[in-house]
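K.L.:
Contents of query_28.cif (mmCIF, C-alpha atoms) are given next:
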```
data_work
#
loop_
_atom_site.group_PDB
_atom_site.id
_atom_site.type_symbol
_atom_site.label_atom_id
_atom_site.label_comp_id
_atom_site.auth_asym_id
_atom_site.auth_seq_id
_atom_site.Cartn_x
_atom_site.Cartn_y
_atom_site.Cartn_z
ATOM 1 C CA MET A 1155 -28.003 -55.919 49.045
ATOM 2 C CA GLU A 1156 -28.651 -57.093 45.489
ATOM 3 C CA ALA A 1157 -30.472 -60.175 46.783
ATOM 4 C CA LEU A 1158 -32.739 -58.087 49.023
ATOM 5 C CA THR A 1159 -33.378 -55.519 46.292
ATOM 6 C CA LEU A 1160 -34.447 -58.181 43.801
ATOM 7 C CA GLY A 1161 -36.002 -60.715 46.162
ATOM 8 C CA GLY A 1162 -37.649 -58.544 48.793
ATOM 9 C CA ALA A 1163 -37.483 -59.239 52.510
ATOM 10 C CA MET A 1164 -35.430 -62.330 53.357
ATOM 11 C CA THR A 1165 -33.808 -64.002 56.321
ATOM 12 C CA ALA A 1166 -30.053 -64.449 56.620
ATOM 13 C CA THR A 1167 -30.546 -68.094 55.681
ATOM 14 C CA GLU A 1168 -32.512 -67.200 52.527
ATOM 15 C CA VAL A 1169 -29.950 -64.587 51.496
ATOM 16 C CA GLY A 1170 -27.178 -67.123 52.105
ATOM 17 C CA GLU A 1171 -28.869 -69.655 49.830
ATOM 18 C CA ARG A 1172 -29.109 -67.040 47.055
ATOM 19 C CA ILE A 1173 -25.522 -65.831 47.237
ATOM 20 C CA GLY A 1174 -23.736 -68.990 48.348
ATOM 21 C CA GLU A 1175 -22.725 -67.830 51.835
ATOM 22 C CA SER A 1176 -23.430 -69.233 55.271
ATOM 23 C CA PRO A 1177 -26.348 -67.904 57.335
ATOM 24 C CA THR A 1178 -23.815 -66.838 59.992
ATOM 25 C CA THR A 1179 -21.869 -64.711 57.510
ATOM 26 C CA CYS A 1180 -25.061 -63.204 56.092
ATOM 27 C CA SER A 1181 -26.445 -62.490 59.555
ATOM 28 C CA PHE A 1182 -23.270 -60.611 60.492
ATOM 29 C CA HIS A 1183 -23.298 -58.587 57.270
ATOM 30 C CA LEU A 1184 -27.005 -57.808 57.519
ATOM 31 C CA ARG A 1185 -26.454 -56.437 61.030
ATOM 32 C CA GLN A 1186 -23.551 -54.332 59.716
ATOM 33 C CA LEU A 1187 -25.682 -53.037 56.843
ATOM 34 C CA ALA A 1188 -28.431 -52.194 59.352
ATOM 35 C CA LYS A 1189 -25.926 -50.339 61.528
ATOM 36 C CA TYR A 1190 -25.242 -47.991 58.602
ATOM 37 C CA GLY A 1191 -28.877 -47.673 57.499
ATOM 38 C CA PHE A 1192 -28.831 -49.770 54.321
ATOM 39 C CA VAL A 1193 -31.201 -52.475 55.600
ATOM 40 C CA GLU A 1194 -33.721 -52.853 58.400
ATOM 41 C CA GLU A 1195 -35.666 -55.641 60.042
ATOM 42 C CA ALA A 1196 -38.842 -56.348 58.090
ATOM 43 C CA GLY A 1197 -40.715 -57.583 61.168
ATOM 44 C CA GLY A 1198 -41.467 -61.067 62.406
ATOM 45 C CA GLY A 1199 -39.079 -63.884 63.136
ATOM 46 C CA LYS A 1200 -36.203 -64.164 65.588
ATOM 47 C CA GLY A 1201 -32.450 -64.599 65.279
ATOM 48 C CA ARG A 1202 -31.451 -65.800 61.835
ATOM 49 C CA ALA A 1203 -35.111 -66.400 61.032
ATOM 50 C CA ARG A 1204 -35.923 -62.676 61.126
ATOM 51 C CA PRO A 1205 -36.403 -61.133 57.690
ATOM 52 C CA TRP A 1206 -34.466 -58.081 56.542
ATOM 53 C CA ARG A 1207 -35.340 -55.562 53.821
ATOM 54 C CA MET A 1208 -33.637 -52.711 52.033
ATOM 55 C CA THR A 1209 -34.330 -49.201 53.313
ATOM 56 C CA SER A 1210 -34.172 -47.749 49.779
ATOM 57 C CA ILE A 1211 -34.039 -48.956 46.183
ATOM 58 C CA GLY A 1212 -30.433 -47.971 45.675
ATOM 59 C CA PHE A 1213 -27.613 -45.876 46.996
ATOM 60 C CA SER A 1214 -25.210 -43.216 45.915
ATOM 61 C CA ILE A 1215 -21.579 -43.175 46.961
ATOM 62 C CA ALA A 1216 -20.178 -39.747 47.707
ATOM 63 C CA ALA A 1217 -17.614 -38.695 45.121
ATOM 64 C CA ALA A 1218 -15.240 -36.963 47.502
ATOM 65 C CA HIS A 1219 -14.249 -37.429 51.114
ATOM 66 C CA ASP A 1220 -12.085 -35.354 53.409
ATOM 67 C CA ASP A 1221 -10.762 -38.477 55.110
ATOM 68 C CA PRO A 1222 -8.284 -40.439 52.915
ATOM 69 C CA GLN A 1223 -9.363 -43.774 54.445
ATOM 70 C CA SER A 1224 -13.004 -43.039 53.621
ATOM 71 C CA GLU A 1225 -11.964 -42.144 50.078
ATOM 72 C CA ILE A 1226 -10.151 -45.478 49.697
ATOM 73 C CA ALA A 1227 -13.103 -47.427 51.125
ATOM 74 C CA ALA A 1228 -15.634 -45.604 48.933
ATOM 75 C CA ASN A 1229 -13.540 -46.189 45.807
ATOM 76 C CA ALA A 1230 -13.158 -49.889 46.639
ATOM 77 C CA LEU A 1231 -16.904 -50.265 47.161
ATOM 78 C CA LEU A 1232 -17.740 -48.354 43.995
ATOM 79 C CA SER A 1233 -15.257 -50.422 42.010
ATOM 80 C CA LEU A 1234 -16.816 -53.655 43.290
ATOM 81 C CA VAL A 1235 -20.368 -52.488 42.573
ATOM 82 C CA ARG A 1236 -19.511 -51.269 39.060
ATOM 83 C CA GLU A 1237 -17.618 -54.481 38.297
ATOM 84 C CA ARG A 1238 -20.730 -56.493 39.173
ATOM 85 C CA GLN A 1239 -22.987 -54.163 37.166
ATOM 86 C CA LEU A 1240 -20.751 -54.205 34.121
ATOM 87 C CA GLY A 1241 -20.531 -57.990 34.432
ATOM 88 C CA ARG A 1242 -24.323 -58.159 34.202
ATOM 89 C CA TYR A 1243 -24.209 -55.828 31.200
ATOM 90 C CA GLN A 1244 -21.597 -58.032 29.509
ATOM 91 C CA HIS A 1245 -23.809 -61.062 30.196
ATOM 92 C CA TRP A 1246 -26.711 -59.210 28.551
ATOM 93 C CA LEU A 1247 -24.589 -58.530 25.468
ATOM 94 C CA GLU A 1248 -23.589 -62.176 25.263
ATOM 95 C CA THR A 1249 -27.108 -63.560 25.748
ATOM 96 C CA ARG A 1250 -29.470 -60.941 24.327
ATOM 97 C CA GLY A 1251 -30.076 -63.076 21.249
ATOM 98 C CA SER A 1252 -31.953 -65.497 23.510
ATOM 99 C CA TYR A 1253 -34.388 -62.765 24.660
ATOM 100 C CA PRO A 1254 -37.653 -62.098 22.857
ATOM 101 C CA ARG A 1255 -37.397 -59.487 20.109
ATOM 102 C CA SER A 1256 -39.624 -57.058 22.028
ATOM 103 C CA TRP A 1257 -37.120 -56.978 24.957
ATOM 104 C CA ARG A 1258 -34.155 -56.596 22.606
ATOM 105 C CA ASP A 1259 -35.905 -53.668 20.888
ATOM 106 C CA ALA A 1260 -36.840 -52.020 24.193
ATOM 107 C CA ALA A 1261 -33.319 -52.221 25.656
ATOM 108 C CA ASP A 1262 -31.022 -49.310 24.939
ATOM 109 C CA ASP A 1263 -27.297 -48.841 24.581
ATOM 110 C CA SER A 1264 -26.578 -45.146 24.153
ATOM 111 C CA GLU A 1265 -23.864 -42.640 24.806
ATOM 112 C CA TYR A 1266 -24.260 -38.893 24.928
ATOM 113 C CA VAL A 1267 -21.607 -36.233 25.308
ATOM 114 C CA PHE A 1268 -22.667 -32.818 26.587
ATOM 115 C CA TYR A 1269 -20.771 -29.675 27.469
ATOM 116 C CA LEU A 1270 -22.039 -28.783 30.934
ATOM 117 C CA THR A 1271 -21.060 -26.700 33.901
ATOM 118 C CA VAL A 1272 -20.708 -28.425 37.258
ATOM 119 C CA ASP A 1273 -24.111 -26.998 38.296
ATOM 120 C CA GLU A 1274 -25.748 -28.255 35.101
ATOM 121 C CA LEU A 1275 -24.276 -31.728 35.610
ATOM 122 C CA LYS A 1276 -25.667 -31.871 39.148
ATOM 123 C CA GLN A 1277 -29.060 -30.660 37.896
ATOM 124 C CA LEU A 1278 -29.095 -33.278 35.118
ATOM 125 C CA ASN A 1279 -28.483 -36.064 37.648
ATOM 126 C CA ASP A 1280 -31.138 -34.636 39.989
ATOM 127 C CA ASP A 1281 -33.633 -34.433 37.105
ATOM 128 C CA ILE A 1282 -33.016 -38.058 36.093
ATOM 129 C CA ALA A 1283 -33.545 -39.237 39.683
ATOM 130 C CA ALA A 1284 -36.703 -37.124 40.034
ATOM 131 C CA LEU A 1285 -38.114 -38.628 36.851
ATOM 132 C CA LEU A 1286 -37.468 -42.251 37.794
ATOM 133 C CA MET A 1287 -37.833 -42.540 41.554
ATOM 134 C CA PRO A 1288 -41.495 -41.659 42.159
ATOM 135 C CA ARG A 1289 -42.658 -43.847 39.274
ATOM 136 C CA LEU A 1290 -40.748 -47.029 39.994
ATOM 137 C CA THR A 1291 -39.831 -47.280 43.685
ATOM 138 C CA GLU A 1292 -43.094 -48.876 44.773
ATOM 139 C CA ARG A 1293 -42.426 -51.860 42.525
ATOM 140 C CA ILE A 1294 -39.257 -52.692 44.470
ATOM 141 C CA ALA A 1295 -40.905 -52.459 47.882
ATOM 142 C CA ASN A 1296 -44.231 -54.007 46.860
ATOM 143 C CA PRO A 1297 -44.049 -56.989 44.486
ATOM 144 C CA ALA A 1298 -47.855 -56.832 44.063
ATOM 145 C CA ALA A 1299 -47.391 -53.454 42.302
ATOM 146 C CA ARG A 1300 -45.311 -55.042 39.534
ATOM 147 C CA PRO A 1301 -47.199 -55.454 36.261
ATOM 148 C CA ALA A 1302 -47.521 -58.938 34.837
ATOM 149 C CA GLY A 1303 -44.537 -59.723 32.632
ATOM 150 C CA SER A 1304 -42.209 -57.240 34.314
ATOM 151 C CA VAL A 1305 -38.631 -58.250 35.071
ATOM 152 C CA PRO A 1306 -35.805 -56.449 36.879
ATOM 153 C CA VAL A 1307 -34.201 -53.889 34.554
ATOM 154 C CA GLU A 1308 -30.919 -52.249 35.476
ATOM 155 C CA LEU A 1309 -30.351 -48.686 34.317
ATOM 156 C CA LEU A 1310 -26.799 -47.453 34.762
ATOM 157 C CA VAL A 1311 -26.216 -43.738 34.438
ATOM 158 C CA PHE A 1312 -22.613 -42.620 34.497
ATOM 159 C CA SER A 1313 -22.011 -38.905 34.336
ATOM 160 C CA TYR A 1314 -18.494 -37.622 34.703
ATOM 161 C CA PRO A 1315 -16.208 -35.032 33.162
ATOM 162 C CA MET A 1316 -14.132 -36.523 30.373
ATOM 163 C CA GLU A 1317 -11.244 -34.206 31.176
ATOM 164 C CA PRO A 1318 -10.457 -31.880 34.068
ATOM 165 C CA PRO A 1319 -11.366 -28.230 33.669
ATOM 166 C CA ALA A 1320 -8.511 -25.941 32.743
ATOM 167 C CA ALA A 1321 -6.996 -23.894 35.553
ATOM 168 C CA GLY A 1322 -8.391 -20.429 36.139
ATOM 169 C CA GLY A 1323 -11.952 -21.083 35.010
ATOM 170 C CA SER A 1324 -11.064 -21.772 31.389
ATOM 171 C CA ALA A 1325 -13.262 -24.046 29.362
ATOM 172 C CA THR A 1326 -12.484 -26.174 26.333
ATOM 173 C CA ASP A 1327 -14.307 -25.428 23.105
ATOM 174 C CA ALA A 1328 -15.681 -28.004 20.671
ATOM 175 C CA ASN A 1329 -12.301 -28.184 18.901
ATOM 176 C CA GLY A 1330 -10.467 -28.920 22.150
ATOM 177 C CA ALA A 1331 -8.886 -25.465 22.340
ATOM 178 C CA ALA A 1332 -8.809 -23.753 25.702
ATOM 179 C CA SER A 1333 -10.697 -20.501 25.901
ATOM 180 C CA ASP A 1334 -11.103 -18.108 28.804
ATOM 181 C CA SER A 1335 -14.802 -17.590 29.441
ATOM 182 C CA LYS A 1336 -14.115 -14.179 31.044
ATOM 183 C CA GLU A 1337 -12.530 -12.910 27.827
ATOM 184 C CA GLU A 1338 -15.418 -14.238 25.722
ATOM 185 C CA ASP A 1339 -17.940 -12.518 28.009
ATOM 186 C CA ALA A 1340 -16.091 -9.195 27.530
ATOM 187 C CA GLU A 1341 -16.222 -9.447 23.727
#
```
Output the file's structure in the form of structure tokens.

P.N.:
Amino acid sequence: MEALTLGGAMTATEVGERIGESPTTCSFHLRQLAKYGFVEEAGGGKGRARPWRMTSIGFSIAAAHDDPQSEIAANALLSLVRERQLGRYQHWLETRGSYPRSWRDAADDSEYVFYLTVDELKQLNDDIAALLMPRLTERIANPAARPAGSVPVELLVFSYPMEPPAAGGSATDANGAASDSKEEDAE
């Protein structure tokens, strides 16, 4: 999936050359990914010589599943994906001195902590996606739309509660003390 996202439409053989796997293995996995809607045939070619492309520029893994086996599979996939992403981030940290100053200045390494409700957290994630997706998706699908000098840039956004909410609708204040929002509303 990473190879197709970065390289555009490719055959099983081309993907195999990029990731160090056999065309047979890649062909099988591309068909499996197509079965679940992650990739599709790009048109032209036959057999292993037919190109495949991503159906979107990314994916989101559901946070919760009713089926325990689906939960285990989703967590394993997410763990693998994040391990690869964080490996690329670690590589950036180790090699950023070799990048031009303008790229080092443009890159960001920030952390923010907010106090949000579950609805506000969902809205924040939706707002970030709405800001980015319309502006940048064409550049993945259409290499001709990429400006000269552009390179792939990975933006990781993790948003998660740092602690579970207290039972009974209680929230934690800035000092870490539990407070009952119903009592505060009454005051």

K.L.:
Would you list the contacts of region 1279-1283 of chain A as a PyMOL selection string, taking every protein, DNA or RNA residue within 12 Å and counting only C-alpha atoms, but skipping same-chain residues closer than 3 positions in sequence?

P.N.:
chain A and resi 1211-1214+1270+1272-1276+1286-1291+1309-1314

K.L.:
Using all atoms listed in the file, can you list as a ChimeraX atom specification the residues within 8 Å of (-23.2, -58.9, 40.5)?

P.N.:
/A:1156,1235,1237-1239,1241-1242

K.L.:
Would you translate the PyMOL selection byres ((chain A and resi 1188-1197) around 10) into the concrete set of residues it matches in this file, as a list in words?

P.N.:
Met1155, Leu1158, Gly1162, Ala1163, Met1164, Thr1165, Phe1182, His1183, Leu1184, Arg1185, Gln1186, Leu1187, Gly1198, Gly1199, Lys1200, Arg1204, Pro1205, Trp1206, Arg1207, Met1208, Thr1209, Ser1210, Ile1211, Gly1212 and Phe1213 of chain A

K.L.:
Could you please determine the separation between CA of Asp1262 (chain A) and CA of Gln1244 (chain A) in Å, to one decimal place?

P.N.:
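According to the coordinates, CA of Asp1262 (chain A) and CA of Gln1244 (chain A) are separated by 13.6 Å.
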
K.L.:
State, in Å with one decimal place, the distance from CA of Pro1297 (chain A) to CA of Thr1159 (chain A).

P.N.:
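A separation of 10.9 Å between them.
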
K.L.:
Quick check, in Å to one decimal: how far apart do CA of Leu1231 (chain A) and CA of Ala1216 (chain A) lie?

P.N.:
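Separation of CA of Leu1231 (chain A) and CA of Ala1216 (chain A): 11.0 Å.
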
K.L.:
When the PyMOL selection byres ((chain A and resi 1246) around 12) is applied to the file above, which residues end up in the set, as a list in words?

P.N.:
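Checking the PyMOL selection byres ((chain A and resi 1246) around 12) against this file, the residues are Gln1239, Leu1240, Gly1241, Arg1242, Tyr1243, Gln1244, His1245, Leu1247, Glu1248, Thr1249, Arg1250, Gly1251, Ser1252, Tyr1253, Trp1257, Arg1258, Ala1261, Asp1262, Asp1263, Val1307 and Glu1308 of chain A.
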
K.L.:
Since we have the selection now, will you write its residues out, keeping C-alpha atoms, as a PDB file, in the coordinates of the input?

P.N.:
```pdb
ATOM      1  CA  GLN A1239     -22.987 -54.163  37.166  1.00  0.00           C
ATOM      2  CA  LEU A1240     -20.751 -54.205  34.121  1.00  0.00           C
ATOM      3  CA  GLY A1241     -20.531 -57.990  34.432  1.00  0.00           C
ATOM      4  CA  ARG A1242     -24.323 -58.159  34.202  1.00  0.00           C
ATOM      5  CA  TYR A1243     -24.209 -55.828  31.200  1.00  0.00           C
ATOM      6  CA  GLN A1244     -21.597 -58.032  29.509  1.00  0.00           C
ATOM      7  CA  HIS A1245     -23.809 -61.062  30.196  1.00  0.00           C
ATOM      8  CA  LEU A1247     -24.589 -58.530  25.468  1.00  0.00           C
ATOM      9  CA  GLU A1248     -23.589 -62.176  25.263  1.00  0.00           C
ATOM     10  CA  THR A1249     -27.108 -63.560  25.748  1.00  0.00           C
ATOM     11  CA  ARG A1250     -29.470 -60.941  24.327  1.00  0.00           C
ATOM     12  CA  GLY A1251     -30.076 -63.076  21.249  1.00  0.00           C
ATOM     13  CA  SER A1252     -31.953 -65.497  23.510  1.00  0.00           C
ATOM     14  CA  TYR A1253     -34.388 -62.765  24.660  1.00  0.00           C
ATOM     15  CA  TRP A1257     -37.120 -56.978  24.957  1.00  0.00           C
ATOM     16  CA  ARG A1258     -34.155 -56.596  22.606  1.00  0.00           C
ATOM     17  CA  ALA A1261     -33.319 -52.221  25.656  1.00  0.00           C
ATOM     18  CA  ASP A1262     -31.022 -49.310  24.939  1.00  0.00           C
ATOM     19  CA  ASP A1263     -27.297 -48.841  24.581  1.00  0.00           C
ATOM     20  CA  VAL A1307     -34.201 -53.889  34.554  1.00  0.00           C
ATOM     21  CA  GLU A1308     -30.919 -52.249  35.476  1.00  0.00           C
TER      22      GLU A1308
END
```
